[in-house]
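File shown: protein38.cif. Contents: mmCIF, N, CA and C atoms.
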```cif
data_target
loop_
_atom_site.group_PDB
_atom_site.id
_atom_site.type_symbol
_atom_site.label_atom_id
_atom_site.label_comp_id
_atom_site.auth_asym_id
_atom_site.auth_seq_id
_atom_site.Cartn_x
_atom_site.Cartn_y
_atom_site.Cartn_z
ATOM 1 N N MET A 1 -9.459 -10.189 -4.539
ATOM 2 C CA MET A 1 -10.404 -9.103 -4.672
ATOM 3 C C MET A 1 -10.403 -8.231 -3.406
ATOM 4 N N VAL A 2 -10.116 -8.841 -2.270
ATOM 5 C CA VAL A 2 -10.068 -8.093 -1.011
ATOM 6 C C VAL A 2 -8.986 -7.010 -1.079
ATOM 7 N N LEU A 3 -7.818 -7.385 -1.581
ATOM 8 C CA LEU A 3 -6.716 -6.425 -1.680
ATOM 9 C C LEU A 3 -7.097 -5.278 -2.614
ATOM 10 N N THR A 4 -7.831 -5.567 -3.670
ATOM 11 C CA THR A 4 -8.284 -4.525 -4.596
ATOM 12 C C THR A 4 -9.172 -3.516 -3.874
ATOM 13 N N LEU A 5 -10.127 -4.016 -3.102
ATOM 14 C CA LEU A 5 -11.027 -3.132 -2.370
ATOM 15 C C LEU A 5 -10.280 -2.310 -1.320
ATOM 16 N N VAL A 6 -9.327 -2.931 -0.668
ATOM 17 C CA VAL A 6 -8.525 -2.218 0.330
ATOM 18 C C VAL A 6 -7.724 -1.107 -0.344
ATOM 19 N N GLN A 7 -7.133 -1.395 -1.516
ATOM 20 C CA GLN A 7 -6.360 -0.382 -2.229
ATOM 21 C C GLN A 7 -7.241 0.780 -2.674
ATOM 22 N N LEU A 8 -8.443 0.480 -3.144
ATOM 23 C CA LEU A 8 -9.363 1.549 -3.555
ATOM 24 C C LEU A 8 -9.782 2.404 -2.357
ATOM 25 N N GLY A 9 -10.078 1.755 -1.243
ATOM 26 C CA GLY A 9 -10.436 2.496 -0.034
ATOM 27 C C GLY A 9 -9.286 3.366 0.443
ATOM 28 N N ASP A 10 -8.085 2.805 0.399
ATOM 29 C CA ASP A 10 -6.905 3.549 0.821
ATOM 30 C C ASP A 10 -6.649 4.725 -0.125
ATOM 31 N N ALA A 11 -6.856 4.516 -1.411
ATOM 32 C CA ALA A 11 -6.695 5.605 -2.384
ATOM 33 C C ALA A 11 -7.665 6.739 -2.066
ATOM 34 N N GLY A 12 -8.891 6.382 -1.739
ATOM 35 C CA GLY A 12 -9.880 7.391 -1.377
ATOM 36 C C GLY A 12 -9.468 8.181 -0.144
ATOM 37 N N MET A 13 -8.895 7.482 0.832
ATOM 38 C CA MET A 13 -8.461 8.164 2.054
ATOM 39 C C MET A 13 -7.218 9.024 1.824
ATOM 40 N N CYS A 14 -6.508 8.762 0.720
ATOM 41 C CA CYS A 14 -5.291 9.521 0.426
ATOM 42 C C CYS A 14 -5.532 10.693 -0.530
ATOM 43 N N LEU A 15 -6.720 10.772 -1.133
ATOM 44 C CA LEU A 15 -6.997 11.886 -2.047
ATOM 45 C C LEU A 15 -6.712 13.217 -1.371
ATOM 46 N N ARG A 16 -7.326 13.380 -0.251
ATOM 47 C CA ARG A 16 -7.033 14.490 0.658
ATOM 48 C C ARG A 16 -6.902 13.794 2.005
ATOM 49 N N PRO A 17 -5.675 13.455 2.384
ATOM 50 C CA PRO A 17 -5.489 12.522 3.497
ATOM 51 C C PRO A 17 -6.353 12.816 4.723
ATOM 52 N N VAL A 18 -7.084 11.774 5.129
ATOM 53 C CA VAL A 18 -7.874 11.874 6.355
ATOM 54 C C VAL A 18 -6.890 12.010 7.516
ATOM 55 N N PRO A 19 -7.341 12.528 8.658
ATOM 56 C CA PRO A 19 -6.398 12.842 9.755
ATOM 57 C C PRO A 19 -5.457 11.698 10.165
ATOM 58 N N PHE A 20 -5.969 10.474 10.298
ATOM 59 C CA PHE A 20 -5.066 9.409 10.764
ATOM 60 C C PHE A 20 -4.038 9.034 9.695
ATOM 61 N N VAL A 21 -4.380 9.171 8.426
ATOM 62 C CA VAL A 21 -3.410 8.912 7.352
ATOM 63 C C VAL A 21 -2.357 10.022 7.337
ATOM 64 N N ALA A 22 -2.809 11.271 7.449
ATOM 65 C CA ALA A 22 -1.872 12.402 7.485
ATOM 66 C C ALA A 22 -0.897 12.268 8.657
ATOM 67 N N ARG A 23 -1.417 11.873 9.823
ATOM 68 C CA ARG A 23 -0.567 11.690 11.010
ATOM 69 C C ARG A 23 0.477 10.595 10.743
ATOM 70 N N CYS A 24 0.027 9.515 10.138
ATOM 71 C CA CYS A 24 0.934 8.401 9.837
ATOM 72 C C CYS A 24 2.039 8.853 8.887
ATOM 73 N N LEU A 25 1.669 9.583 7.835
ATOM 74 C CA LEU A 25 2.669 10.070 6.881
ATOM 75 C C LEU A 25 3.633 11.044 7.542
ATOM 76 N N ASP A 26 3.106 11.904 8.391
ATOM 77 C CA ASP A 26 3.977 12.827 9.141
ATOM 78 C C ASP A 26 4.903 12.070 10.087
ATOM 79 N N ASP A 27 4.361 11.040 10.752
ATOM 80 C CA ASP A 27 5.153 10.270 11.719
ATOM 81 C C ASP A 27 6.383 9.626 11.090
ATOM 82 N N VAL A 28 6.262 9.207 9.835
ATOM 83 C CA VAL A 28 7.408 8.567 9.171
ATOM 84 C C VAL A 28 8.187 9.556 8.307
ATOM 85 N N ALA A 29 7.833 10.826 8.403
ATOM 86 C CA ALA A 29 8.510 11.917 7.675
ATOM 87 C C ALA A 29 8.412 11.753 6.157
ATOM 88 N N PHE A 30 7.256 11.258 5.691
ATOM 89 C CA PHE A 30 7.026 11.187 4.255
ATOM 90 C C PHE A 30 6.752 12.612 3.782
ATOM 91 N N PRO A 31 7.530 13.121 2.841
ATOM 92 C CA PRO A 31 7.415 14.532 2.452
ATOM 93 C C PRO A 31 6.019 14.900 1.929
ATOM 94 N N ARG A 32 5.462 15.978 2.447
ATOM 95 C CA ARG A 32 4.122 16.427 2.035
ATOM 96 C C ARG A 32 4.043 16.696 0.536
ATOM 97 N N ARG A 33 5.135 17.118 -0.054
ATOM 98 C CA ARG A 33 5.093 17.413 -1.486
ATOM 99 C C ARG A 33 4.841 16.163 -2.332
ATOM 100 N N TRP A 34 4.987 14.991 -1.746
ATOM 101 C CA TRP A 34 4.752 13.731 -2.465
ATOM 102 C C TRP A 34 3.444 13.060 -2.084
ATOM 103 N N TRP A 35 2.689 13.610 -1.170
ATOM 104 C CA TRP A 35 1.432 12.984 -0.749
ATOM 105 C C TRP A 35 0.473 12.792 -1.918
ATOM 106 N N TRP A 36 0.465 13.718 -2.857
ATOM 107 C CA TRP A 36 -0.469 13.652 -3.982
ATOM 108 C C TRP A 36 -0.271 12.387 -4.819
ATOM 109 N N VAL A 37 0.914 11.782 -4.780
ATOM 110 C CA VAL A 37 1.226 10.599 -5.587
ATOM 111 C C VAL A 37 0.503 9.349 -5.069
ATOM 112 N N LEU A 38 0.179 9.323 -3.793
ATOM 113 C CA LEU A 38 -0.346 8.108 -3.182
ATOM 114 C C LEU A 38 -1.680 7.643 -3.769
ATOM 115 N N ALA A 39 -2.632 8.545 -3.920
ATOM 116 C CA ALA A 39 -3.951 8.142 -4.439
ATOM 117 C C ALA A 39 -3.860 7.563 -5.855
ATOM 118 N N PRO A 40 -3.159 8.202 -6.796
ATOM 119 C CA PRO A 40 -3.048 7.599 -8.125
ATOM 120 C C PRO A 40 -2.307 6.256 -8.122
ATOM 121 N N LEU A 41 -1.275 6.136 -7.288
ATOM 122 C CA LEU A 41 -0.547 4.860 -7.217
ATOM 123 C C LEU A 41 -1.430 3.738 -6.675
ATOM 124 N N LYS A 42 -2.195 4.039 -5.643
ATOM 125 C CA LYS A 42 -3.064 3.024 -5.052
ATOM 126 C C LYS A 42 -4.203 2.659 -6.003
ATOM 127 N N THR A 43 -4.699 3.646 -6.755
ATOM 128 C CA THR A 43 -5.723 3.375 -7.762
ATOM 129 C C THR A 43 -5.141 2.512 -8.885
ATOM 130 N N ALA A 44 -3.935 2.818 -9.309
ATOM 131 C CA ALA A 44 -3.268 2.008 -10.334
ATOM 132 C C ALA A 44 -3.037 0.584 -9.843
ATOM 133 N N ALA A 45 -2.704 0.439 -8.569
ATOM 134 C CA ALA A 45 -2.521 -0.899 -8.002
ATOM 135 C C ALA A 45 -3.832 -1.680 -8.052
ATOM 136 N N ALA A 46 -4.924 -1.037 -7.704
ATOM 137 C CA ALA A 46 -6.233 -1.700 -7.765
ATOM 138 C C ALA A 46 -6.541 -2.122 -9.199
ATOM 139 N N ARG A 47 -6.251 -1.237 -10.130
ATOM 140 C CA ARG A 47 -6.486 -1.547 -11.543
ATOM 141 C C ARG A 47 -5.623 -2.731 -11.996
ATOM 142 N N GLY A 48 -4.363 -2.737 -11.571
ATOM 143 C CA GLY A 48 -3.472 -3.846 -11.912
ATOM 144 C C GLY A 48 -3.947 -5.170 -11.335
ATOM 145 N N LEU A 49 -4.482 -5.127 -10.124
ATOM 146 C CA LEU A 49 -5.000 -6.352 -9.504
ATOM 147 C C LEU A 49 -6.228 -6.870 -10.250
ATOM 148 N N VAL A 50 -7.110 -5.964 -10.652
ATOM 149 C CA VAL A 50 -8.302 -6.380 -11.401
ATOM 150 C C VAL A 50 -7.894 -6.934 -12.762
ATOM 151 N N THR A 51 -6.987 -6.253 -13.435
ATOM 152 C CA THR A 51 -6.506 -6.736 -14.738
ATOM 153 C C THR A 51 -5.854 -8.106 -14.584
ATOM 154 N N GLY A 52 -5.165 -8.304 -13.466
ATOM 155 C CA GLY A 52 -4.494 -9.574 -13.206
ATOM 156 C C GLY A 52 -5.427 -10.764 -13.081
ATOM 157 N N ILE A 53 -6.716 -10.518 -12.909
ATOM 158 C CA ILE A 53 -7.685 -11.630 -12.881
ATOM 159 C C ILE A 53 -7.715 -12.317 -14.241
ATOM 160 N N TRP A 54 -7.580 -11.531 -15.305
ATOM 161 C CA TRP A 54 -7.676 -12.084 -16.656
ATOM 162 C C TRP A 54 -6.328 -12.224 -17.343
ATOM 163 N N VAL A 55 -5.397 -11.356 -16.998
ATOM 164 C CA VAL A 55 -4.067 -11.374 -17.605
ATOM 165 C C VAL A 55 -3.053 -11.491 -16.473
ATOM 166 N N PRO A 56 -2.408 -12.635 -16.343
ATOM 167 C CA PRO A 56 -1.562 -12.880 -15.162
ATOM 168 C C PRO A 56 -0.417 -11.890 -14.944
ATOM 169 N N TYR A 57 0.268 -11.448 -15.991
ATOM 170 C CA TYR A 57 1.465 -10.633 -15.810
ATOM 171 C C TYR A 57 1.206 -9.332 -15.040
ATOM 172 N N PRO A 58 0.184 -8.548 -15.383
ATOM 173 C CA PRO A 58 -0.054 -7.323 -14.591
ATOM 174 C C PRO A 58 -0.352 -7.624 -13.112
ATOM 175 N N GLY A 59 -1.036 -8.718 -12.853
ATOM 176 C CA GLY A 59 -1.299 -9.104 -11.469
ATOM 177 C C GLY A 59 -0.026 -9.441 -10.726
ATOM 178 N N LEU A 60 0.875 -10.145 -11.391
ATOM 179 C CA LEU A 60 2.164 -10.494 -10.795
ATOM 180 C C LEU A 60 2.971 -9.233 -10.490
ATOM 181 N N VAL A 61 3.087 -8.361 -11.476
ATOM 182 C CA VAL A 61 3.855 -7.125 -11.295
ATOM 183 C C VAL A 61 3.252 -6.283 -10.176
ATOM 184 N N THR A 62 1.930 -6.187 -10.160
ATOM 185 C CA THR A 62 1.259 -5.371 -9.147
ATOM 186 C C THR A 62 1.462 -5.927 -7.754
ATOM 187 N N THR A 63 1.291 -7.231 -7.572
ATOM 188 C CA THR A 63 1.443 -7.781 -6.220
ATOM 189 C C THR A 63 2.893 -7.698 -5.749
ATOM 190 N N VAL A 64 3.841 -7.909 -6.643
ATOM 191 C CA VAL A 64 5.254 -7.778 -6.257
ATOM 192 C C VAL A 64 5.555 -6.323 -5.878
ATOM 193 N N ALA A 65 5.032 -5.371 -6.667
ATOM 194 C CA ALA A 65 5.240 -3.950 -6.347
ATOM 195 C C ALA A 65 4.609 -3.600 -5.006
ATOM 196 N N LEU A 66 3.429 -4.146 -4.718
ATOM 197 C CA LEU A 66 2.780 -3.874 -3.433
ATOM 198 C C LEU A 66 3.571 -4.472 -2.273
ATOM 199 N N VAL A 67 4.076 -5.678 -2.447
ATOM 200 C CA VAL A 67 4.910 -6.287 -1.401
ATOM 201 C C VAL A 67 6.121 -5.393 -1.131
ATOM 202 N N LEU A 68 6.791 -4.973 -2.190
ATOM 203 C CA LEU A 68 7.967 -4.113 -2.017
ATOM 204 C C LEU A 68 7.600 -2.782 -1.365
ATOM 205 N N SER A 69 6.459 -2.220 -1.740
ATOM 206 C CA SER A 69 6.077 -0.927 -1.155
ATOM 207 C C SER A 69 5.803 -1.053 0.341
ATOM 208 N N PHE A 70 5.235 -2.188 0.766
ATOM 209 C CA PHE A 70 4.984 -2.339 2.199
ATOM 210 C C PHE A 70 6.238 -2.732 2.963
ATOM 211 N N VAL A 71 7.200 -3.353 2.314
ATOM 212 C CA VAL A 71 8.506 -3.561 2.946
ATOM 213 C C VAL A 71 9.149 -2.188 3.195
ATOM 214 N N VAL A 72 9.045 -1.293 2.212
ATOM 215 C CA VAL A 72 9.559 0.070 2.381
ATOM 216 C C VAL A 72 8.796 0.784 3.497
ATOM 217 N N ALA A 73 7.475 0.641 3.524
ATOM 218 C CA ALA A 73 6.664 1.293 4.566
ATOM 219 C C ALA A 73 7.073 0.806 5.954
ATOM 220 N N ILE A 74 7.260 -0.486 6.090
ATOM 221 C CA ILE A 74 7.682 -1.046 7.380
ATOM 222 C C ILE A 74 9.051 -0.480 7.771
ATOM 223 N N THR A 75 9.955 -0.425 6.810
ATOM 224 C CA THR A 75 11.282 0.138 7.066
ATOM 225 C C THR A 75 11.184 1.588 7.531
ATOM 226 N N MET A 76 10.301 2.360 6.886
ATOM 227 C CA MET A 76 10.122 3.765 7.283
ATOM 228 C C MET A 76 9.585 3.872 8.708
ATOM 229 N N HIS A 77 8.644 3.010 9.067
ATOM 230 C CA HIS A 77 8.099 3.032 10.427
ATOM 231 C C HIS A 77 9.176 2.670 11.451
ATOM 232 N N VAL A 78 9.968 1.659 11.149
ATOM 233 C CA VAL A 78 11.021 1.238 12.079
ATOM 234 C C VAL A 78 12.066 2.347 12.226
ATOM 235 N N ARG A 79 12.477 2.935 11.108
ATOM 236 C CA ARG A 79 13.476 4.010 11.169
ATOM 237 C C ARG A 79 12.969 5.211 11.949
ATOM 238 N N ALA A 80 11.654 5.468 11.853
ATOM 239 C CA ALA A 80 11.066 6.606 12.575
ATOM 240 C C ALA A 80 10.709 6.241 14.014
ATOM 241 N N ARG A 81 10.968 4.998 14.381
ATOM 242 C CA ARG A 81 10.617 4.479 15.706
ATOM 243 C C ARG A 81 9.106 4.585 15.969
ATOM 244 N N ASP A 82 8.343 4.463 14.892
ATOM 245 C CA ASP A 82 6.880 4.443 14.974
ATOM 246 C C ASP A 82 6.484 2.972 15.063
ATOM 247 N N LEU A 83 6.592 2.428 16.267
ATOM 248 C CA LEU A 83 6.467 0.983 16.456
ATOM 249 C C LEU A 83 5.097 0.559 16.983
ATOM 250 N N GLY A 84 4.132 1.411 16.879
ATOM 251 C CA GLY A 84 2.794 1.108 17.384
ATOM 252 C C GLY A 84 1.883 0.521 16.323
ATOM 253 N N ARG A 85 0.641 0.952 16.393
ATOM 254 C CA ARG A 85 -0.419 0.419 15.533
ATOM 255 C C ARG A 85 -0.104 0.582 14.048
ATOM 256 N N ASN A 86 0.432 1.744 13.650
ATOM 257 C CA ASN A 86 0.720 1.971 12.231
ATOM 258 C C ASN A 86 1.657 0.918 11.665
ATOM 259 N N LEU A 87 2.636 0.529 12.434
ATOM 260 C CA LEU A 87 3.566 -0.512 11.985
ATOM 261 C C LEU A 87 2.946 -1.887 12.120
ATOM 262 N N LEU A 88 2.476 -2.197 13.330
ATOM 263 C CA LEU A 88 2.072 -3.571 13.622
ATOM 264 C C LEU A 88 0.781 -3.992 12.931
ATOM 265 N N VAL A 89 -0.168 -3.101 12.843
ATOM 266 C CA VAL A 89 -1.456 -3.470 12.248
ATOM 267 C C VAL A 89 -1.511 -3.058 10.783
ATOM 268 N N ASN A 90 -1.263 -1.787 10.521
ATOM 269 C CA ASN A 90 -1.463 -1.284 9.166
ATOM 270 C C ASN A 90 -0.406 -1.793 8.180
ATOM 271 N N ALA A 91 0.845 -1.415 8.366
ATOM 272 C CA ALA A 91 1.881 -1.763 7.394
ATOM 273 C C ALA A 91 2.138 -3.270 7.350
ATOM 274 N N THR A 92 2.279 -3.896 8.510
ATOM 275 C CA THR A 92 2.540 -5.335 8.540
ATOM 276 C C THR A 92 1.320 -6.121 8.068
ATOM 277 N N GLY A 93 0.132 -5.679 8.467
ATOM 278 C CA GLY A 93 -1.091 -6.337 8.004
ATOM 279 C C GLY A 93 -1.237 -6.263 6.499
ATOM 280 N N MET A 94 -0.913 -5.112 5.923
ATOM 281 C CA MET A 94 -0.986 -4.975 4.469
ATOM 282 C C MET A 94 0.066 -5.834 3.778
ATOM 283 N N LEU A 95 1.250 -5.925 4.357
ATOM 284 C CA LEU A 95 2.277 -6.799 3.774
ATOM 285 C C LEU A 95 1.793 -8.243 3.764
ATOM 286 N N VAL A 96 1.214 -8.684 4.860
ATOM 287 C CA VAL A 96 0.693 -10.057 4.933
ATOM 288 C C VAL A 96 -0.401 -10.276 3.885
ATOM 289 N N LEU A 97 -1.308 -9.298 3.747
ATOM 290 C CA LEU A 97 -2.382 -9.400 2.757
ATOM 291 C C LEU A 97 -1.812 -9.457 1.333
ATOM 292 N N CYS A 98 -0.797 -8.654 1.046
ATOM 293 C CA CYS A 98 -0.171 -8.655 -0.280
ATOM 294 C C CYS A 98 0.522 -9.986 -0.571
ATOM 295 N N VAL A 99 1.257 -10.498 0.395
ATOM 296 C CA VAL A 99 1.940 -11.786 0.219
ATOM 297 C C VAL A 99 0.910 -12.901 0.050
ATOM 298 N N ALA A 100 -0.151 -12.873 0.854
ATOM 299 C CA ALA A 100 -1.200 -13.894 0.736
ATOM 300 C C ALA A 100 -1.866 -13.843 -0.634
ATOM 301 N N THR A 101 -2.095 -12.647 -1.138
ATOM 302 C CA THR A 101 -2.693 -12.497 -2.468
ATOM 303 C C THR A 101 -1.768 -13.055 -3.533
ATOM 304 N N ARG A 102 -0.477 -12.761 -3.424
ATOM 305 C CA ARG A 102 0.495 -13.283 -4.391
ATOM 306 C C ARG A 102 0.544 -14.817 -4.336
ATOM 307 N N LEU A 103 0.579 -15.372 -3.129
ATOM 308 C CA LEU A 103 0.621 -16.823 -2.971
ATOM 309 C C LEU A 103 -0.653 -17.479 -3.498
ATOM 310 N N HIS A 104 -1.779 -16.874 -3.220
ATOM 311 C CA HIS A 104 -3.055 -17.405 -3.695
ATOM 312 C C HIS A 104 -3.074 -17.435 -5.233
ATOM 313 N N ALA A 105 -2.630 -16.363 -5.858
ATOM 314 C CA ALA A 105 -2.600 -16.305 -7.314
ATOM 315 C C ALA A 105 -1.624 -17.336 -7.871
ATOM 316 N N PHE A 106 -0.512 -17.538 -7.183
ATOM 317 C CA PHE A 106 0.489 -18.503 -7.611
ATOM 318 C C PHE A 106 -0.057 -19.935 -7.558
ATOM 319 N N LEU A 107 -0.857 -20.210 -6.548
ATOM 320 C CA LEU A 107 -1.374 -21.569 -6.357
ATOM 321 C C LEU A 107 -2.540 -21.913 -7.264
ATOM 322 N N LEU A 108 -3.132 -20.914 -7.885
ATOM 323 C CA LEU A 108 -4.288 -21.176 -8.778
ATOM 324 C C LEU A 108 -3.876 -21.801 -10.057
#
```
Render the structure in this file as structure tokens.
Amino acid sequence: MVLTLVQLGDAGMCLRPVPFVARCLDDVAFPRRWWWVLAPLKTAAARGLVTGIWVPYPGLVTTVALVLSFVVAITMHVRARDLGRNLLVNATGMLVLCVATRLHAFLL
């Protein structure tokens, strides 16, 4: 449930990217023309996680997709040499949270 709340909060911050999110996206050269996609994707991820409470398959697909998306995010930060807080705390922290959520669901 924690990951769901984080995804919803992140979606809200991406609707019209708050300054630190915009800076992060600019730092990794994520094209501005694609910024609009982030909020709906993060909202869909939250929905998939909630659905996964009752129906396992959407939860599995959602957590695997989130893990892959944060592997891509980490790769983008490394390629951009953005090796500070955005990489170490945000992207890596989210990857850990996604993997932990997947493992927790697997162990239930």
Check your understanding: Smallest atom-to-atom distance to Val99 in chain A: which of A:Thr63, A:Lys42, A:Val78, A:Arg85, using all atoms listed in the file?
Key ->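 Residue with the minimum atom-to-atom distance to Val99 in chain A: A:Thr63.
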Check your understanding: How many Å separate CA of Leu49 in chain A from atom N of Phe106 in chain A?
Key -> 12.3 Å
**Study point:** Atom-to-atom span, CA of Thr101 in chain A and CA of Gly59 in chain A, Å
**Key:**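 Value for the CA of Thr101 in chain A-CA of Gly59 in chain A distance: 9.7 Å.
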Show me, as lines of an AutoDock Vina configuration file, the centre and edge lengths in Å to one decimal of the axis-aligned box that covers every listed atom of range 90-105 of chain A with 6 Å on each side.
```
center_x = -0.3
center_y = -9.4
center_z = 1.3
size_x = 17.6
size_y = 28.2
size_z = 30.4
```
Check your understanding: Given the choices A:Leu97, A:Ala44, A:Val21, A:Val28, which gets closest to Leu8 in chain A if the distance is worked out from all atoms listed in the file?
Key ->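 For Leu8 in chain A, the nearest of the given residues is A:Ala44.
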Review point. Between A:Val64, A:Ala73, A:Val37, A:Ile53, which one has atoms that come closest to Arg102 in chain A, using only N, CA and C atoms?
Key: A:Val64
Check your understanding: Near Gly12 in chain A, within 8 Å and counting all atoms listed in the file, which residues show up once chain neighbours fewer than 2 positions away are dropped, as an MDAnalysis selection string?
Key -> chainID A and resid 6:10 14:18 38:40 42:43
Suppose we keep N, CA and C atoms; can you now write the selection as an mmCIF file, in the coordinates of the input?
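Saved file out-v3.cif follows:
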```cif
data_model
loop_
_atom_site.group_PDB
_atom_site.id
_atom_site.type_symbol
_atom_site.label_atom_id
_atom_site.label_comp_id
_atom_site.auth_asym_id
_atom_site.auth_seq_id
_atom_site.Cartn_x
_atom_site.Cartn_y
_atom_site.Cartn_z
ATOM 1 N N VAL A 6 -9.327 -2.931 -0.668
ATOM 2 C CA VAL A 6 -8.525 -2.218 0.330
ATOM 3 C C VAL A 6 -7.724 -1.107 -0.344
ATOM 4 N N GLN A 7 -7.133 -1.395 -1.516
ATOM 5 C CA GLN A 7 -6.360 -0.382 -2.229
ATOM 6 C C GLN A 7 -7.241 0.780 -2.674
ATOM 7 N N LEU A 8 -8.443 0.480 -3.144
ATOM 8 C CA LEU A 8 -9.363 1.549 -3.555
ATOM 9 C C LEU A 8 -9.782 2.404 -2.357
ATOM 10 N N GLY A 9 -10.078 1.755 -1.243
ATOM 11 C CA GLY A 9 -10.436 2.496 -0.034
ATOM 12 C C GLY A 9 -9.286 3.366 0.443
ATOM 13 N N ASP A 10 -8.085 2.805 0.399
ATOM 14 C CA ASP A 10 -6.905 3.549 0.821
ATOM 15 C C ASP A 10 -6.649 4.725 -0.125
ATOM 16 N N CYS A 14 -6.508 8.762 0.720
ATOM 17 C CA CYS A 14 -5.291 9.521 0.426
ATOM 18 C C CYS A 14 -5.532 10.693 -0.530
ATOM 19 N N LEU A 15 -6.720 10.772 -1.133
ATOM 20 C CA LEU A 15 -6.997 11.886 -2.047
ATOM 21 C C LEU A 15 -6.712 13.217 -1.371
ATOM 22 N N ARG A 16 -7.326 13.380 -0.251
ATOM 23 C CA ARG A 16 -7.033 14.490 0.658
ATOM 24 C C ARG A 16 -6.902 13.794 2.005
ATOM 25 N N PRO A 17 -5.675 13.455 2.384
ATOM 26 C CA PRO A 17 -5.489 12.522 3.497
ATOM 27 C C PRO A 17 -6.353 12.816 4.723
ATOM 28 N N VAL A 18 -7.084 11.774 5.129
ATOM 29 C CA VAL A 18 -7.874 11.874 6.355
ATOM 30 C C VAL A 18 -6.890 12.010 7.516
ATOM 31 N N LEU A 38 0.179 9.323 -3.793
ATOM 32 C CA LEU A 38 -0.346 8.108 -3.182
ATOM 33 C C LEU A 38 -1.680 7.643 -3.769
ATOM 34 N N ALA A 39 -2.632 8.545 -3.920
ATOM 35 C CA ALA A 39 -3.951 8.142 -4.439
ATOM 36 C C ALA A 39 -3.860 7.563 -5.855
ATOM 37 N N PRO A 40 -3.159 8.202 -6.796
ATOM 38 C CA PRO A 40 -3.048 7.599 -8.125
ATOM 39 C C PRO A 40 -2.307 6.256 -8.122
ATOM 40 N N LYS A 42 -2.195 4.039 -5.643
ATOM 41 C CA LYS A 42 -3.064 3.024 -5.052
ATOM 42 C C LYS A 42 -4.203 2.659 -6.003
ATOM 43 N N THR A 43 -4.699 3.646 -6.755
ATOM 44 C CA THR A 43 -5.723 3.375 -7.762
ATOM 45 C C THR A 43 -5.141 2.512 -8.885
#
```
Exercise for review: Give me, please, the distance in Å between atom N of Ser69 in chain A and CA of Ala29 in chain A, quoted to one decimal.
Suggested key: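 Interatomic distance, atom N of Ser69 in chain A to CA of Ala29 in chain A: 17.1 Å.
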Check your understanding: Using all atoms listed in the file, which residue out of A:Leu68, A:Ala22, A:Leu5, A:Leu95 lies closest to Ala46 in chain A?
Key ->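 Nearest to Ala46 in chain A: A:Leu5.
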Exercise for review: Could you please write out, as a ChimeraX atom specification, every residue of chain A that DSSP assigns to alpha helix (DSSP H)?
Suggested key: /A:2-15,19-27,38-54,56-79,85,92-107
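With all atoms listed in the file as the atoms that count, the minimum distance from Met76 in chain A to the choices A:Leu107, A:Gly52, A:Asp27, A:Val89 is reached by A:Asp27.
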Point to revise | Nearest-residue call for Ala45 in chain A, choices A:Thr4, A:Thr75, A:Arg33, A:Leu88, using all atoms listed in the file | key: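 Of A:Thr4, A:Thr75, A:Arg33, A:Leu88, the one nearest Ala45 in chain A, counting all atoms listed in the file, is A:Thr4.
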